[in-house]
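Q: Quick one, my_file.pdb (PDB, C-alpha atoms):
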```pdb
ATOM      1  CA  ASN O   1       4.276   9.488   8.191
ATOM      2  CA  ALA O   2       1.472  10.100  10.643
ATOM      3  CA  GLY O   3       0.007   6.878  11.922
ATOM      4  CA  VAL O   4       2.780   4.269  11.897
ATOM      5  CA  MET O   5       4.650   4.650  15.166
ATOM      6  CA  GLN O   6       8.083   3.202  15.726
ATOM      7  CA  ASN O   7      10.138   3.240  18.883
ATOM      8  CA  PRO O   8      12.719   3.869  19.892
ATOM      9  CA  ARG O   9      13.846   6.353  17.212
ATOM     10  CA  HIS O  10      17.478   5.694  18.080
ATOM     11  CA  LEU O  11      18.957   2.623  19.741
ATOM     12  CA  VAL O  12      22.563   2.019  20.700
ATOM     13  CA  ARG O  13      23.751  -1.462  21.560
ATOM     14  CA  ARG O  14      27.092  -3.109  22.199
ATOM     15  CA  ARG O  15      28.131  -6.155  20.192
ATOM     16  CA  GLY O  16      26.506  -9.273  21.581
ATOM     17  CA  GLN O  17      23.491  -7.509  23.112
ATOM     18  CA  GLU O  18      19.906  -7.839  21.981
ATOM     19  CA  ALA O  19      17.945  -5.152  20.113
ATOM     20  CA  ARG O  20      14.155  -4.904  20.195
ATOM     21  CA  LEU O  21      12.415  -2.613  17.763
ATOM     22  CA  ARG O  22       8.700  -1.862  18.058
ATOM     23  CA  CYS O  23       6.113  -0.865  15.494
ATOM     24  CA  SER O  24       2.479   0.105  15.980
ATOM     25  CA  PRO O  25       0.667   0.120  12.617
ATOM     26  CA  MET O  26      -1.821   2.710  11.467
ATOM     27  CA  LYS O  27      -5.239   2.367  13.039
ATOM     28  CA  GLY O  28      -7.195  -0.420  11.378
ATOM     29  CA  HIS O  29      -4.154  -1.867   9.570
ATOM     30  CA  SER O  30      -3.441  -5.534  10.214
ATOM     31  CA  HIS O  31      -0.580  -6.015   7.714
ATOM     32  CA  VAL O  32       2.926  -5.060   8.832
ATOM     33  CA  TYR O  33       6.223  -5.054   6.950
ATOM     34  CA  TRP O  34       9.806  -4.533   8.103
ATOM     35  CA  TYR O  35      12.537  -3.082   5.858
ATOM     36  CA  ARG O  36      16.201  -2.332   6.458
ATOM     37  CA  GLN O  37      18.087   0.627   4.989
ATOM     38  CA  LEU O  38      21.870   0.827   4.944
ATOM     39  CA  PRO O  39      23.477   4.269   4.496
ATOM     40  CA  GLU O  40      22.967   5.704   1.007
ATOM     41  CA  GLU O  41      20.951   2.705  -0.149
ATOM     42  CA  GLY O  42      17.296   1.947  -0.801
ATOM     43  CA  LEU O  43      15.135  -0.007   1.598
ATOM     44  CA  LYS O  44      15.356  -3.814   1.497
ATOM     45  CA  PHE O  45      12.397  -6.010   2.448
ATOM     46  CA  MET O  46      12.837  -8.246   5.471
ATOM     47  CA  VAL O  47       9.522  -9.694   6.630
ATOM     48  CA  TYR O  48       5.757  -9.426   6.160
ATOM     49  CA  LEU O  49       3.368 -10.258   8.997
ATOM     50  CA  GLN O  50      -0.341 -10.311   9.543
ATOM     51  CA  LYS O  51      -1.806 -10.532  13.037
ATOM     52  CA  GLU O  52      -0.149 -13.521  14.765
ATOM     53  CA  ASN O  53       1.234 -14.894  11.482
ATOM     54  CA  ILE O  54       4.472 -14.549   9.557
ATOM     55  CA  ILE O  55       3.483 -14.478   5.890
ATOM     56  CA  ASP O  56       6.828 -13.934   4.149
ATOM     57  CA  GLU O  57      10.214 -13.847   5.857
ATOM     58  CA  SER O  58      12.283 -14.333   2.718
ATOM     59  CA  GLY O  59      14.303 -11.160   3.303
ATOM     60  CA  MET O  60      15.204 -11.836   6.899
ATOM     61  CA  PRO O  61      18.579 -13.368   7.863
ATOM     62  CA  LYS O  62      18.097 -16.952   9.023
ATOM     63  CA  GLU O  63      20.014 -16.469  12.264
ATOM     64  CA  ARG O  64      19.651 -13.952  15.091
ATOM     65  CA  PHE O  65      16.650 -12.138  13.565
ATOM     66  CA  SER O  66      13.034 -12.784  14.437
ATOM     67  CA  ALA O  67       9.756 -10.909  14.113
ATOM     68  CA  GLU O  68       6.331 -11.195  15.645
ATOM     69  CA  PHE O  69       3.001  -9.407  15.486
ATOM     70  CA  PRO O  70       0.897 -10.590  18.429
ATOM     71  CA  LYS O  71      -2.868 -10.372  18.693
ATOM     72  CA  GLU O  72      -2.489  -7.482  21.119
ATOM     73  CA  GLY O  73       0.310  -4.943  21.022
ATOM     74  CA  PRO O  74       2.921  -3.790  18.555
ATOM     75  CA  SER O  75       4.973  -5.774  16.082
ATOM     76  CA  ILE O  76       8.473  -6.522  17.370
ATOM     77  CA  LEU O  77      11.645  -7.024  15.355
ATOM     78  CA  ARG O  78      14.228  -8.723  17.531
ATOM     79  CA  ILE O  79      17.926  -8.987  16.784
ATOM     80  CA  GLN O  80      19.948 -11.220  19.076
ATOM     81  CA  GLN O  81      23.707 -11.016  19.608
ATOM     82  CA  VAL O  82      24.037  -7.899  17.480
ATOM     83  CA  VAL O  83      27.110  -7.329  15.316
ATOM     84  CA  ARG O  84      28.494  -4.165  13.733
ATOM     85  CA  GLY O  85      26.920  -5.051  10.400
ATOM     86  CA  ASP O  86      23.450  -4.787  11.952
ATOM     87  CA  SER O  87      23.874  -1.003  12.165
ATOM     88  CA  ALA O  88      21.171   0.430   9.908
ATOM     89  CA  ALA O  89      17.829   2.185   9.863
ATOM     90  CA  TYR O  90      14.924  -0.237  10.304
ATOM     91  CA  PHE O  91      11.571   0.862   8.930
ATOM     92  CA  CYS O  92       8.147  -0.554   9.554
ATOM     93  CA  ALA O  93       5.234  -0.099   7.173
ATOM     94  CA  SER O  94       1.588  -1.079   7.395
ATOM     95  CA  SER O  95      -1.312  -1.534   5.010
ATOM     96  CA  LEU O  96      -5.035  -2.068   5.341
ATOM     97  CA  ASP O  97      -4.972  -5.197   3.201
ATOM     98  CA  ARG O  98      -2.547  -7.040   0.938
ATOM     99  CA  GLY O  99      -4.060  -6.098  -2.403
ATOM    100  CA  ARG O 100      -2.036  -4.277  -5.031
ATOM    101  CA  ASN O 101      -4.112  -1.140  -4.515
ATOM    102  CA  GLN O 102      -3.374  -1.045  -0.797
ATOM    103  CA  PRO O 103      -0.235   1.090  -0.453
ATOM    104  CA  GLN O 104       2.233   0.625   2.374
ATOM    105  CA  HIS O 105       2.684   3.576   4.719
ATOM    106  CA  PHE O 106       5.959   3.932   6.590
ATOM    107  CA  GLY O 107       7.000   4.994  10.059
ATOM    108  CA  ASP O 108      10.016   7.215  10.746
ATOM    109  CA  GLY O 109      12.266   4.271  11.543
ATOM    110  CA  THR O 110      14.606   3.131  14.290
ATOM    111  CA  ARG O 111      18.266   3.954  13.775
ATOM    112  CA  LEU O 112      20.310   1.152  15.309
ATOM    113  CA  SER O 113      23.967   1.765  16.096
ATOM    114  CA  ILE O 114      26.233  -1.022  17.273
ATOM    115  CA  LEU O 115      29.325  -0.073  19.257
TER     116      LEU O 115
ATOM    117  CA  GLY J   1      17.689 -10.362  -5.435
ATOM    118  CA  GLN J   2      15.642  -8.101  -7.664
ATOM    119  CA  GLN J   3      16.859  -4.581  -8.154
ATOM    120  CA  LEU J   4      15.460  -1.468  -9.656
ATOM    121  CA  ASN J   5      17.866   0.866 -11.432
ATOM    122  CA  GLN J   6      17.050   4.464 -10.761
ATOM    123  CA  SER J   7      18.588   7.457 -12.535
ATOM    124  CA  PRO J   8      20.031   9.925 -12.145
ATOM    125  CA  GLN J   9      21.723   9.206  -8.823
ATOM    126  CA  SER J  10      21.679  12.897  -7.934
ATOM    127  CA  MET J  11      20.493  16.197  -9.349
ATOM    128  CA  PHE J  12      21.458  19.749  -8.419
ATOM    129  CA  ILE J  13      19.057  22.276  -9.908
ATOM    130  CA  GLN J  14      17.878  25.856  -9.569
ATOM    131  CA  GLU J  15      14.538  26.697  -8.026
ATOM    132  CA  GLY J  16      11.856  26.835 -10.707
ATOM    133  CA  GLU J  17      13.411  24.183 -12.959
ATOM    134  CA  ASP J  18      11.613  21.001 -13.936
ATOM    135  CA  VAL J  19      13.014  17.635 -12.856
ATOM    136  CA  SER J  20      12.724  14.174 -14.353
ATOM    137  CA  MET J  21      13.867  10.854 -12.915
ATOM    138  CA  ASN J  22      13.212   7.285 -13.969
ATOM    139  CA  CYS J  23      13.317   3.731 -12.829
ATOM    140  CA  THR J  24      13.849   0.519 -14.813
ATOM    141  CA  SER J  25      13.533  -3.120 -13.890
ATOM    142  CA  SER J  26      14.378  -6.463 -15.436
ATOM    143  CA  SER J  27      11.080  -7.785 -14.048
ATOM    144  CA  ILE J  28       7.465  -6.827 -14.562
ATOM    145  CA  PHE J  29       5.574  -5.150 -11.744
ATOM    146  CA  ASN J  30       1.823  -4.682 -11.469
ATOM    147  CA  THR J  31       2.134  -1.643  -9.239
ATOM    148  CA  TRP J  32       4.706   1.150  -9.222
ATOM    149  CA  LEU J  33       5.071   3.644  -6.395
ATOM    150  CA  TRP J  34       7.112   6.779  -5.836
ATOM    151  CA  TYR J  35       8.224   7.789  -2.343
ATOM    152  CA  LYS J  36      10.140  10.782  -0.971
ATOM    153  CA  GLN J  37      12.406  10.474   2.046
ATOM    154  CA  ASP J  38      13.629  13.443   4.067
ATOM    155  CA  PRO J  39      16.707  13.104   6.336
ATOM    156  CA  GLY J  40      15.938  11.202   9.515
ATOM    157  CA  GLU J  41      12.434  10.270   8.407
ATOM    158  CA  GLY J  42      10.648   7.420   6.700
ATOM    159  CA  PRO J  43       9.535   7.329   3.060
ATOM    160  CA  VAL J  44       6.331   9.205   2.306
ATOM    161  CA  LEU J  45       4.130   7.961  -0.527
ATOM    162  CA  LEU J  46       3.820  10.493  -3.370
ATOM    163  CA  ILE J  47       2.105   8.636  -6.200
ATOM    164  CA  ALA J  48       0.844   5.086  -6.792
ATOM    165  CA  LEU J  49       0.368   3.665 -10.313
ATOM    166  CA  TYR J  50      -1.727   0.555 -10.933
ATOM    167  CA  LYS J  51      -2.107   0.198 -14.689
ATOM    168  CA  ALA J  52       0.365   0.010 -17.588
ATOM    169  CA  GLY J  53       0.412   3.322 -19.454
ATOM    170  CA  GLU J  54      -1.265   5.152 -16.580
ATOM    171  CA  LEU J  55      -0.284   8.809 -16.097
ATOM    172  CA  THR J  56      -1.103  10.245 -12.658
ATOM    173  CA  SER J  57      -0.560  13.690 -11.175
ATOM    174  CA  ASN J  58      -0.323  14.922  -7.603
ATOM    175  CA  GLY J  59       0.080  18.696  -7.627
ATOM    176  CA  ARG J  60       3.387  19.514  -9.346
ATOM    177  CA  LEU J  61       4.276  15.817  -9.533
ATOM    178  CA  THR J  62       3.445  13.585 -12.489
ATOM    179  CA  ALA J  63       4.326   9.914 -12.794
ATOM    180  CA  GLN J  64       3.799   7.332 -15.510
ATOM    181  CA  PHE J  65       3.658   3.540 -15.455
ATOM    182  CA  GLY J  66       5.529   2.265 -18.515
ATOM    183  CA  ILE J  67       3.713   0.249 -21.143
ATOM    184  CA  THR J  68       6.118  -2.674 -20.746
ATOM    185  CA  ARG J  69       5.460  -2.618 -16.967
ATOM    186  CA  LYS J  70       9.222  -2.593 -16.455
ATOM    187  CA  ASP J  71       9.718   1.133 -15.984
ATOM    188  CA  SER J  72       8.294   4.327 -14.558
ATOM    189  CA  PHE J  73       9.218   7.994 -14.486
ATOM    190  CA  LEU J  74       8.528  10.885 -12.131
ATOM    191  CA  ASN J  75       8.472  14.531 -13.160
ATOM    192  CA  ILE J  76       8.469  17.495 -10.798
ATOM    193  CA  SER J  77       7.555  20.825 -12.343
ATOM    194  CA  ALA J  78       8.651  24.260 -11.093
ATOM    195  CA  SER J  79      10.801  22.894  -8.267
ATOM    196  CA  ILE J  80      10.903  24.643  -4.896
ATOM    197  CA  PRO J  81      13.408  24.335  -2.027
ATOM    198  CA  SER J  82      11.168  21.968  -0.037
ATOM    199  CA  ASP J  83      11.406  19.429  -2.886
ATOM    200  CA  VAL J  84      14.885  18.604  -1.567
ATOM    201  CA  GLY J  85      15.192  14.987  -0.494
ATOM    202  CA  ILE J  86      15.733  11.474  -1.795
ATOM    203  CA  TYR J  87      13.166  10.081  -4.195
ATOM    204  CA  PHE J  88      12.670   6.325  -4.416
ATOM    205  CA  CYS J  89      10.718   4.292  -6.901
ATOM    206  CA  ALA J  90       9.331   0.965  -5.758
ATOM    207  CA  GLY J  91       7.733  -1.964  -7.544
ATOM    208  CA  GLN J  92       5.180  -3.979  -5.614
ATOM    209  CA  LEU J  93       5.150  -7.778  -5.747
ATOM    210  CA  THR J  94       1.850  -9.345  -4.679
ATOM    211  CA  SER J  95       2.082 -12.844  -6.126
ATOM    212  CA  GLY J  96       1.366 -15.850  -3.938
ATOM    213  CA  ALA J  97       1.739 -15.098  -0.260
ATOM    214  CA  THR J  98       4.135 -12.220  -0.664
ATOM    215  CA  ASN J  99       3.333  -8.545  -0.666
ATOM    216  CA  LYS J 100       6.603  -6.675  -0.681
ATOM    217  CA  LEU J 101       8.156  -3.585  -2.191
ATOM    218  CA  ILE J 102      11.371  -3.651  -4.187
ATOM    219  CA  PHE J 103      13.014  -0.242  -3.936
ATOM    220  CA  GLY J 104      15.186   1.607  -6.404
ATOM    221  CA  THR J 105      18.574   3.036  -5.524
ATOM    222  CA  GLY J 106      17.222   6.547  -5.023
ATOM    223  CA  THR J 107      17.689   9.974  -6.612
ATOM    224  CA  LEU J 108      19.041  12.747  -4.405
ATOM    225  CA  LEU J 109      17.524  16.094  -5.352
ATOM    226  CA  ALA J 110      19.086  19.375  -4.273
ATOM    227  CA  VAL J 111      17.358  22.667  -5.136
ATOM    228  CA  GLN J 112      19.255  25.933  -5.070
ATOM    229  CA  PRO J 113      16.988  28.865  -4.078
TER     230      PRO J 113
END
```
What's the structure tokens form of this structure?
A:
Amino acid sequence: NAGVMQNPRHLVRRRGQEARLRCSPMKGHSHVYWYRQLPEEGLKFMVYLQKENIIDESGMPKERFSAEFPKEGPSILRIQQVVRGDSAAYFCASSLDRGRNQPQHFGDGTRLSIL
Amino acid sequence: GQQLNQSPQSMFIQEGEDVSMNCTSSSIFNTWLWYKQDPGEGPVLLIALYKAGELTSNGRLTAQFGITRKDSFLNISASIPSDVGIYFCAGQLTSGATNKLIFGTGTLLAVQP
């Protein structure tokens, strides 16, 4: 998992607070993806971004969730007014390009716990 | 949404045994990938397959992309304790604007030394 950096590794929030998860892609990668993993399940796609643009947000809940990937700095996944059901591991991946022979490499995730 | 069915759900084997797991889909994928996830970490790419019928090896790991493009299998030969973990298959969708992975349900592998 060397290269894709996520922070924090663990985040605890109370219901109603905001959670901000950060992802720095591998060097040279301009395509970023966010996935969510519930306990004992596979990862589920949330959103795909390229520098300053959201390309596909079909997997992201319509309310309370937003993502950005600014020109400078990391990609941010923001969850407003968190609820217990938001507790999960959130993984970021990056790729060099969007072609089918450009694999996605994952970070070690942020484990979000809602009290 | 789309789902990949992965089997078996779990395997408990002795060190040195060979392992086989597979993944099936109701949809066609143009790329299949196999990842391994250790506890508390993110998935690590093991093998990527880009062509129907393709057979690719990575050390003791061998994976094949099914001819119908709706399935793939992963074999691990002569298992060792560090093979323990959860193995996920993933199909990649790159049509239109999207470029996302659809993950299988995972196979938990436990290796008894």
Q: I need the residue set behind the ChimeraX specification (/J :<10) & /O for this file; please write it as a count of residues only.
A: 43
Q: Give me, please, the distance in Å between atom CA of O:Asp86 and atom CA of O:Ser24, quoted to one decimal.
A: 21.9 Å
Q: Given 5 Å of margin on each side, can you work out the centre and size in Å (one decimal) of an axis-aligned box holding every listed atom of stretch 94-106 of chain J, as lines of an AutoDock Vina configuration file?
A:
```
center_x = 10.0
center_y = -4.7
center_z = -3.3
size_x = 27.2
size_y = 32.4
size_z = 16.1
```
Q: By how many Å are atom CA of J:Ile13 and atom CA of O:Pro39 apart?
A: 23.5 Å
Q: So which residues touch O:Pro70 within 10 Å, counting only C-alpha atoms, skipping near sequence neighbours fewer than 6 positions away, as a list of chain:residue names?
A: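 The contact residues come out as O:Leu49, O:Gln50, O:Lys51, O:Glu52, O:Asn53, O:Ile76.
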Q: Return as a PyMOL selection string the set of residues that the PyMOL selection byres ((chain J and resi 10) around 8) yields on the displayed structure.
A: chain J and resi 7-9+11-12+107-110
Q: Quick one: residues within 7 Å of O:Phe65, all atoms listed in the file, excluding same-chain residues fewer than 5 positions away - as a list of chain:residue names?
A: O:Met60, O:Arg78, O:Ile79, O:Gln80
Q: Do you know which residues are at most 8 Å from J:Phe73 counting all atoms listed in the file, after dropping those on the same chain fewer than 6 positions away, and could you put them as a list of chain:residue names?
A: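 Selected residues are J:Ser20, J:Met21, J:Asn22, J:Cys23, J:Ala63, J:Gln64, J:Phe65, J:Gly66.
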Q: What is the distance, in Å and to one decimal place, between atom CA of O:Gly3 and atom CA of O:Gly28?
A: 10.3 Å
Q: Quick one: which residues end up in the PyMOL selection byres ((chain J and resi 60) around 7) for this structure, as a VMD selection string?
A: chain J and resid 58 to 59 61 to 62 76 to 77
Q: For J:Arg69, which residue among J:Gln14, J:Asn5, J:Ser26, J:Gln112 is the nearest when counting only C-alpha atoms?
A: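 Closest to J:Arg69 of all the choices is J:Ser26.
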Q: Using only C-alpha atoms, find the one residue out of J:Ser57, J:Ser27, J:Ser72, J:Ser82 that sits nearest to J:Glu15.
A: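 Of the candidates, the smallest distance to J:Glu15 is held by J:Ser82.
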